[in-house]
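Participant: Sharing model07.cif, mmCIF, C-alpha atoms:
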data_target
#
loop_
_atom_site.group_PDB
_atom_site.id
_atom_site.type_symbol
_atom_site.label_atom_id
_atom_site.label_comp_id
_atom_site.auth_asym_id
_atom_site.auth_seq_id
_atom_site.Cartn_x
_atom_site.Cartn_y
_atom_site.Cartn_z
ATOM 1 C CA MET A 1 14.927 138.172 133.025
ATOM 2 C CA LEU A 2 18.000 140.326 133.638
ATOM 3 C CA GLY A 3 21.169 139.779 131.637
ATOM 4 C CA THR A 4 24.328 141.831 131.678
ATOM 5 C CA SER A 5 27.110 141.674 129.086
ATOM 6 C CA GLY A 6 27.228 138.112 127.695
ATOM 7 C CA GLY A 7 24.191 137.237 129.808
ATOM 8 C CA ALA A 8 22.257 139.907 127.917
ATOM 9 C CA LEU A 9 23.095 138.097 124.666
ATOM 10 C CA THR A 10 21.622 134.919 126.139
ATOM 11 C CA GLY A 11 18.492 136.801 127.151
ATOM 12 C CA LEU A 12 18.063 138.327 123.711
ATOM 13 C CA ASP A 13 18.461 134.983 121.974
ATOM 14 C CA LEU A 14 16.037 133.303 124.386
ATOM 15 C CA ALA A 15 13.449 136.064 123.893
ATOM 16 C CA ALA A 16 13.773 135.731 120.114
ATOM 17 C CA ARG A 17 13.752 131.918 119.909
ATOM 18 C CA HIS A 18 11.501 131.026 122.841
ATOM 19 C CA PRO A 19 9.430 134.110 123.631
ATOM 20 C CA GLU A 20 7.049 132.058 125.767
ATOM 21 C CA GLN A 21 9.925 131.628 128.256
ATOM 22 C CA VAL A 22 10.462 135.373 128.815
ATOM 23 C CA ARG A 23 7.893 137.704 130.355
ATOM 24 C CA ALA A 24 10.201 140.739 130.204
ATOM 25 C CA LEU A 25 13.914 141.336 129.639
ATOM 26 C CA ILE A 26 16.469 143.912 130.716
ATOM 27 C CA ALA A 27 19.566 143.614 128.534
ATOM 28 C CA HIS A 28 22.412 145.573 130.151
ATOM 29 C CA GLU A 29 25.214 146.542 127.755
ATOM 30 C CA PRO A 30 25.127 143.492 125.477
ATOM 31 C CA PRO A 31 28.382 143.446 123.480
ATOM 32 C CA ILE A 32 27.086 143.140 119.907
ATOM 33 C CA PRO A 33 29.687 144.668 117.570
ATOM 34 C CA GLU A 34 27.748 143.241 114.605
ATOM 35 C CA LEU A 35 25.135 145.980 115.193
ATOM 36 C CA LEU A 36 27.715 148.731 114.757
ATOM 37 C CA PRO A 37 28.416 150.448 111.422
ATOM 38 C CA ASP A 38 32.099 149.499 111.679
ATOM 39 C CA ALA A 39 31.413 145.822 112.452
ATOM 40 C CA ALA A 40 34.199 144.673 110.120
ATOM 41 C CA HIS A 41 36.706 146.737 112.128
ATOM 42 C CA TRP A 42 35.607 145.043 115.346
ATOM 43 C CA ARG A 43 35.817 141.576 113.790
ATOM 44 C CA THR A 44 39.448 142.314 112.965
ATOM 45 C CA ARG A 45 40.177 143.692 116.434
ATOM 46 C CA PHE A 46 38.718 140.691 118.239
ATOM 47 C CA GLN A 47 40.506 138.318 115.888
ATOM 48 C CA GLU A 48 43.688 140.044 117.069
ATOM 49 C CA VAL A 49 42.701 139.276 120.676
ATOM 50 C CA HIS A 50 42.237 135.621 119.758
ATOM 51 C CA ASP A 51 45.576 135.581 117.950
ATOM 52 C CA THR A 52 47.252 137.162 120.984
ATOM 53 C CA TYR A 53 45.875 134.343 123.125
ATOM 54 C CA ARG A 54 47.305 131.786 120.724
ATOM 55 C CA SER A 55 50.752 133.395 120.668
ATOM 56 C CA GLN A 56 51.112 134.884 124.165
ATOM 57 C CA GLY A 57 48.561 133.247 126.459
ATOM 58 C CA ALA A 58 45.491 134.258 128.439
ATOM 59 C CA GLY A 59 47.092 137.085 130.445
ATOM 60 C CA ALA A 60 48.189 139.065 127.401
ATOM 61 C CA ALA A 61 44.911 138.303 125.650
ATOM 62 C CA MET A 62 42.896 139.612 128.605
ATOM 63 C CA GLN A 63 44.795 142.908 128.591
ATOM 64 C CA LYS A 64 44.195 143.283 124.865
ATOM 65 C CA PHE A 65 40.557 142.226 125.222
ATOM 66 C CA ILE A 66 39.810 144.840 127.889
ATOM 67 C CA ALA A 67 41.464 147.590 125.858
ATOM 68 C CA THR A 68 39.603 146.482 122.727
ATOM 69 C CA ILE A 69 36.139 145.995 124.235
ATOM 70 C CA GLU A 70 36.362 149.429 125.864
ATOM 71 C CA GLY A 71 37.371 150.975 122.545
ATOM 72 C CA ASP A 72 40.799 152.026 123.846
ATOM 73 C CA HIS A 73 39.079 154.768 125.861
ATOM 74 C CA GLY A 74 39.972 155.486 129.449
ATOM 75 C CA ALA A 75 40.996 153.148 132.234
ATOM 76 C CA PRO A 76 39.862 149.538 132.527
ATOM 77 C CA PRO A 77 36.427 149.131 134.137
ATOM 78 C CA ALA A 78 36.330 149.191 137.924
ATOM 79 C CA MET A 79 36.167 145.780 139.514
ATOM 80 C CA PRO A 80 33.957 144.902 142.488
ATOM 81 C CA ASP A 81 35.554 144.886 145.941
ATOM 82 C CA PRO A 82 35.818 141.182 146.865
ATOM 83 C CA ALA A 83 35.140 142.083 150.510
ATOM 84 C CA GLN A 84 31.727 143.422 149.473
ATOM 85 C CA MET A 85 30.765 140.483 147.278
ATOM 86 C CA PRO A 86 28.555 137.597 148.456
ATOM 87 C CA PRO A 87 30.131 134.121 148.533
ATOM 88 C CA GLU A 88 28.217 133.066 145.401
ATOM 89 C CA ALA A 89 29.689 135.969 143.419
ATOM 90 C CA LEU A 90 33.197 135.215 144.659
ATOM 91 C CA GLU A 91 32.792 131.603 143.604
ATOM 92 C CA MET A 92 31.590 132.716 140.180
ATOM 93 C CA MET A 93 34.576 135.062 139.764
ATOM 94 C CA GLY A 94 36.895 132.195 140.605
ATOM 95 C CA ARG A 95 35.273 130.004 137.964
ATOM 96 C CA ILE A 96 35.545 132.786 135.377
ATOM 97 C CA GLN A 97 39.251 133.212 136.115
ATOM 98 C CA GLY A 98 39.769 129.487 135.723
ATOM 99 C CA ASN A 99 37.915 129.402 132.418
ATOM 100 C CA LEU A 100 39.885 132.106 130.594
ATOM 101 C CA ASP A 101 41.672 129.633 128.363
ATOM 102 C CA TYR A 102 38.388 128.128 127.213
ATOM 103 C CA PHE A 103 36.888 131.601 126.760
ATOM 104 C CA PHE A 104 39.651 132.861 124.490
ATOM 105 C CA ALA A 105 40.014 129.598 122.572
ATOM 106 C CA HIS A 106 36.346 128.793 121.933
ATOM 107 C CA VAL A 107 33.910 131.478 123.131
ATOM 108 C CA LEU A 108 35.302 134.910 122.295
ATOM 109 C CA LEU A 109 34.875 134.990 118.518
ATOM 110 C CA PRO A 110 31.493 133.212 118.208
ATOM 111 C CA VAL A 111 29.948 135.338 120.960
ATOM 112 C CA LEU A 112 31.202 138.624 119.535
ATOM 113 C CA ARG A 113 29.888 137.683 116.091
ATOM 114 C CA PHE A 114 26.393 137.041 117.431
ATOM 115 C CA THR A 115 23.565 139.041 115.861
ATOM 116 C CA PRO A 116 20.163 139.022 117.581
ATOM 117 C CA ASP A 117 17.015 138.396 115.587
ATOM 118 C CA LEU A 118 15.790 141.979 115.709
ATOM 119 C CA ALA A 119 12.580 141.279 113.812
ATOM 120 C CA ALA A 120 11.619 138.550 116.279
ATOM 121 C CA LEU A 121 12.461 140.784 119.232
ATOM 122 C CA ARG A 122 10.422 143.683 117.837
ATOM 123 C CA SER A 123 7.394 141.515 117.094
ATOM 124 C CA GLY A 124 7.632 139.232 120.128
ATOM 125 C CA PRO A 125 5.418 139.468 123.195
ATOM 126 C CA ALA A 126 8.206 140.126 125.724
ATOM 127 C CA PRO A 127 8.899 143.804 126.448
ATOM 128 C CA ILE A 128 12.622 144.563 126.343
ATOM 129 C CA ALA A 129 14.550 147.293 128.124
ATOM 130 C CA VAL A 130 18.162 148.099 127.279
ATOM 131 C CA GLY A 131 20.528 149.223 130.039
ATOM 132 C CA VAL A 132 23.643 151.408 129.754
ATOM 133 C CA GLY A 133 26.234 152.432 132.323
ATOM 134 C CA ALA A 134 26.271 156.125 133.186
ATOM 135 C CA ALA A 135 30.084 156.061 133.313
ATOM 136 C CA SER A 136 30.733 153.560 130.524
ATOM 137 C CA PRO A 137 33.351 154.599 127.956
ATOM 138 C CA GLU A 138 32.522 154.751 124.259
ATOM 139 C CA GLY A 139 33.389 151.099 123.712
ATOM 140 C CA VAL A 140 31.552 148.136 122.241
ATOM 141 C CA PRO A 141 29.145 147.480 125.173
ATOM 142 C CA LEU A 142 27.869 151.062 125.352
ATOM 143 C CA LEU A 143 27.764 151.639 121.586
ATOM 144 C CA ALA A 144 26.047 148.305 120.977
ATOM 145 C CA ALA A 145 23.494 148.940 123.722
ATOM 146 C CA ARG A 146 22.619 152.289 122.162
ATOM 147 C CA ALA A 147 22.344 150.661 118.728
ATOM 148 C CA LEU A 148 20.126 147.888 120.103
ATOM 149 C CA ALA A 149 17.862 150.410 121.827
ATOM 150 C CA GLU A 150 17.542 152.296 118.548
ATOM 151 C CA HIS A 151 16.709 149.111 116.628
ATOM 152 C CA LEU A 152 14.053 148.200 119.202
ATOM 153 C CA ASP A 153 12.748 151.779 119.407
ATOM 154 C CA VAL A 154 13.231 152.007 123.175
ATOM 155 C CA LYS A 155 14.875 154.518 125.478
ATOM 156 C CA ALA A 156 18.018 153.191 127.156
ATOM 157 C CA ILE A 157 17.838 152.833 130.936
ATOM 158 C CA GLU A 158 20.790 154.389 132.736
ATOM 159 C CA PHE A 159 22.487 152.388 135.492
ATOM 160 C CA PRO A 160 25.201 153.655 137.832
ATOM 161 C CA GLY A 161 28.846 153.100 137.012
ATOM 162 C CA ASP A 162 30.289 151.446 133.944
ATOM 163 C CA HIS A 163 30.004 147.954 132.468
ATOM 164 C CA GLN A 164 30.460 146.500 135.983
ATOM 165 C CA GLY A 165 27.995 148.924 137.553
ATOM 166 C CA LEU A 166 25.402 146.344 138.527
ATOM 167 C CA ALA A 167 27.979 144.681 140.779
ATOM 168 C CA ILE A 168 29.646 147.902 141.945
ATOM 169 C CA ASP A 169 26.414 149.607 143.052
ATOM 170 C CA ALA A 170 24.060 146.689 143.567
ATOM 171 C CA ILE A 171 21.541 148.549 145.745
ATOM 172 C CA THR A 172 20.874 151.397 143.297
ATOM 173 C CA SER A 173 20.903 148.944 140.394
ATOM 174 C CA ALA A 174 18.350 146.725 142.149
ATOM 175 C CA GLU A 175 16.032 149.698 142.587
ATOM 176 C CA ILE A 176 16.294 150.560 138.888
ATOM 177 C CA ILE A 177 15.731 146.916 137.926
ATOM 178 C CA HIS A 178 12.639 146.744 140.171
ATOM 179 C CA ASP A 179 11.205 149.977 138.767
ATOM 180 C CA THR A 180 11.922 148.915 135.186
ATOM 181 C CA PHE A 181 10.258 145.521 135.517
ATOM 182 C CA ALA A 182 7.295 147.172 137.243
ATOM 183 C CA GLY A 183 6.998 149.575 134.304
ATOM 184 C CA LEU A 184 7.309 146.793 131.740
ATOM 185 C CA ALA A 185 4.559 144.812 133.467
ATOM 186 C CA ALA A 186 2.218 147.768 134.100
ATOM 187 C CA PRO A 187 -1.186 147.434 132.415
ATOM 188 C CA GLY A 188 -1.376 149.673 129.383
ATOM 189 C CA GLN A 189 2.360 150.341 129.449
ATOM 190 C CA PRO A 190 3.734 150.175 125.888
ATOM 191 C CA SER A 191 6.049 147.186 125.738
ATOM 192 C CA SER A 192 8.800 149.157 124.042
ATOM 193 C CA HIS A 193 8.968 152.044 126.524
ATOM 194 C CA PRO A 194 10.180 151.084 129.987
ATOM 195 C CA THR A 195 10.376 153.489 132.892
ATOM 196 C CA ARG A 196 13.329 155.643 133.992
ATOM 197 C CA PRO A 197 14.821 156.471 130.588
ATOM 198 C CA ALA A 198 18.416 157.669 130.366
#
If you convert what's in this file into structure tokens, what do you get?

Facilitator:
Amino acid sequence: MLGTSGGALTGLDLAARHPEQVRALIAHEPPIPELLPDAAHWRTRFQEVHDTYRSQGAGAAMQKFIATIEGDHGAPPAMPDPAQMPPEALEMMGRIQGNLDYFFAHVLLPVLRFTPDLAALRSGPAPIAVGVGAASPEGVPLLAARALAEHLDVKAIEFPGDHQGLAIDAITSAEIIHDTFAGLAAPGQPSSHPTRPA
């Protein structure tokens, strides 16, 4: 299983709760501020995003969310070129845009207060690799991915680009994903040490 961002949270929870469903997992930059030493700071910051949605709407909340999730470092993440995206991805992006109100009203705070069951992940049968973007700023996704890798005693796998790198450079990312899964499945390969470390 491959999950990026919120999808990585789903993968981690599935691997912890239903390990028989997951043979191996790559979790790319899961945003888990609860793993960070300043988790209380991030709870406050994301509450401010939610409050901005309530007072100013989804557009203002999205601007604040991007600045907050990236840790107020650098420019917003690069977005994929729609002309280079397959129809399925374009359709998905359209659905995401249409669901912003629901996201800010009901999803944002519960998701960013999620804490994976680290003990279950460490003791479970599914090997887990953690991915990071080579150009990601020092925001929640990168910091949380590093913290998760440390908790699981694995080396982070470096992907091209930033938090959107899997979509921006799909070909290189696919090669890394293939190599990582091959390493996770290799006989005698320690489950906590995937190939191509960062």

Participant: Where does the PyMOL selection byres ((chain A and resi 9-24) around 7) land in this file, that is, which residues does it pick, as a PyMOL selection string?

Facilitator: chain A and resi 1+3+5-8+25+30+116-117+120-121+124-128+184

Participant: What is the atom CA of Met85 of chain A to atom CA of Pro137 of chain A distance in Å?

Facilitator: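 About the pair atom CA of Met85 of chain A and atom CA of Pro137 of chain A: they are 24.1 Å apart.
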
Participant: Closest to Gly165 of chain A among A:Glu29, A:Ser55, A:Ala149, A:His178, using only C-alpha atoms?

Facilitator: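 Of all the options, A:Glu29 lies closest to Gly165 of chain A.
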
Participant: Please report the interatomic distance between atom CA of Pro31 of chain A and atom CA of Val140 of chain A in Å with one decimal.

Facilitator: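 Pair atom CA of Pro31 of chain A / atom CA of Val140 of chain A returns 5.8 Å.
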
Participant: Hey, what comes out of the PyMOL selection byres ((chain A and resi 181) around 9) on this file? Could you write it as a ChimeraX atom specification?

Facilitator: /A:24-26,129,176-180,182-186,194-195

Participant: Using all atoms listed in the file, which of A:Leu100, A:Ala58, A:Ala67, A:Ala170 sits nearest Phe46 of chain A?

Facilitator: A:Ala67

Participant: Counting all atoms listed in the file, figure out which residue out of A:Val132, A:Ile168, A:Ile32, A:Leu148 gets nearest to Leu109 of chain A.

Facilitator: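 Distance minimum relative to Leu109 of chain A lands on A:Ile32.
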
Participant: Centre and edge lengths, as AutoDock Vina command-line options, for the axis-aligned box enclosing every listed atom of segment 159-173 of chain A with 3 Å of padding on each of the six sides, in Å to one decimal?

Facilitator:
--center_x 25.7 --center_y 149.2 --center_z 139.1 --size_x 15.6 --size_y 15.0 --size_z 19.3

Participant: So how far away is atom CA of Ala105 of chain A from atom CA of Ala147 of chain A, in Å?

Facilitator: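 Taking atom CA of Ala147 of chain A and atom CA of Ala105 of chain A, their separation equals 27.8 Å.
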
Participant: Do you know which residues the PyMOL selection byres ((chain A and resi 64) around 12) returns on this file, as a short mmCIF file (atom, residue, chain, number, x, y, z; two decimals) with C-alpha atoms, in the coordinates of the input?

Facilitator:
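The resulting file, selection-v2.cif, is reproduced below:
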data_model
loop_
_atom_site.label_atom_id
_atom_site.label_comp_id
_atom_site.auth_asym_id
_atom_site.auth_seq_id
_atom_site.Cartn_x
_atom_site.Cartn_y
_atom_site.Cartn_z
CA ARG A 45 40.18 143.69 116.43
CA PHE A 46 38.72 140.69 118.24
CA GLN A 47 40.51 138.32 115.89
CA GLU A 48 43.69 140.04 117.07
CA VAL A 49 42.70 139.28 120.68
CA HIS A 50 42.24 135.62 119.76
CA ASP A 51 45.58 135.58 117.95
CA THR A 52 47.25 137.16 120.98
CA TYR A 53 45.88 134.34 123.12
CA GLN A 56 51.11 134.88 124.16
CA GLY A 57 48.56 133.25 126.46
CA ALA A 58 45.49 134.26 128.44
CA GLY A 59 47.09 137.08 130.44
CA ALA A 60 48.19 139.06 127.40
CA ALA A 61 44.91 138.30 125.65
CA MET A 62 42.90 139.61 128.60
CA GLN A 63 44.80 142.91 128.59
CA PHE A 65 40.56 142.23 125.22
CA ILE A 66 39.81 144.84 127.89
CA ALA A 67 41.46 147.59 125.86
CA THR A 68 39.60 146.48 122.73
CA ILE A 69 36.14 146.00 124.24
CA GLU A 70 36.36 149.43 125.86
CA GLY A 71 37.37 150.98 122.54
CA ASP A 72 40.80 152.03 123.85
CA PRO A 76 39.86 149.54 132.53
CA PHE A 104 39.65 132.86 124.49
#

Participant: Select, counting only C-alpha atoms, all protein, DNA and RNA residues no farther than 9 Å from (10.0, 148.5, 117.2) in file coordinates, and express the selection as a PyMOL selection string.

Facilitator: chain A and resi 118-119+121-123+150-154+192

Participant: Using all atoms listed in the file, which of A:Glu88, A:Arg54, A:Thr115, A:Ala135 sits nearest Tyr102 of chain A?

Facilitator: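 Once distances to Tyr102 of chain A are computed over all atoms listed in the file, the minimum belongs to A:Arg54.
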
Participant: Using only C-alpha atoms, find the one residue out of A:Val107, A:Ala174, A:Ala83, A:Ala156 that sits nearest to Ala144 of chain A.

Facilitator: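 Answer, going by the shortest atom-to-atom distance: A:Ala156.
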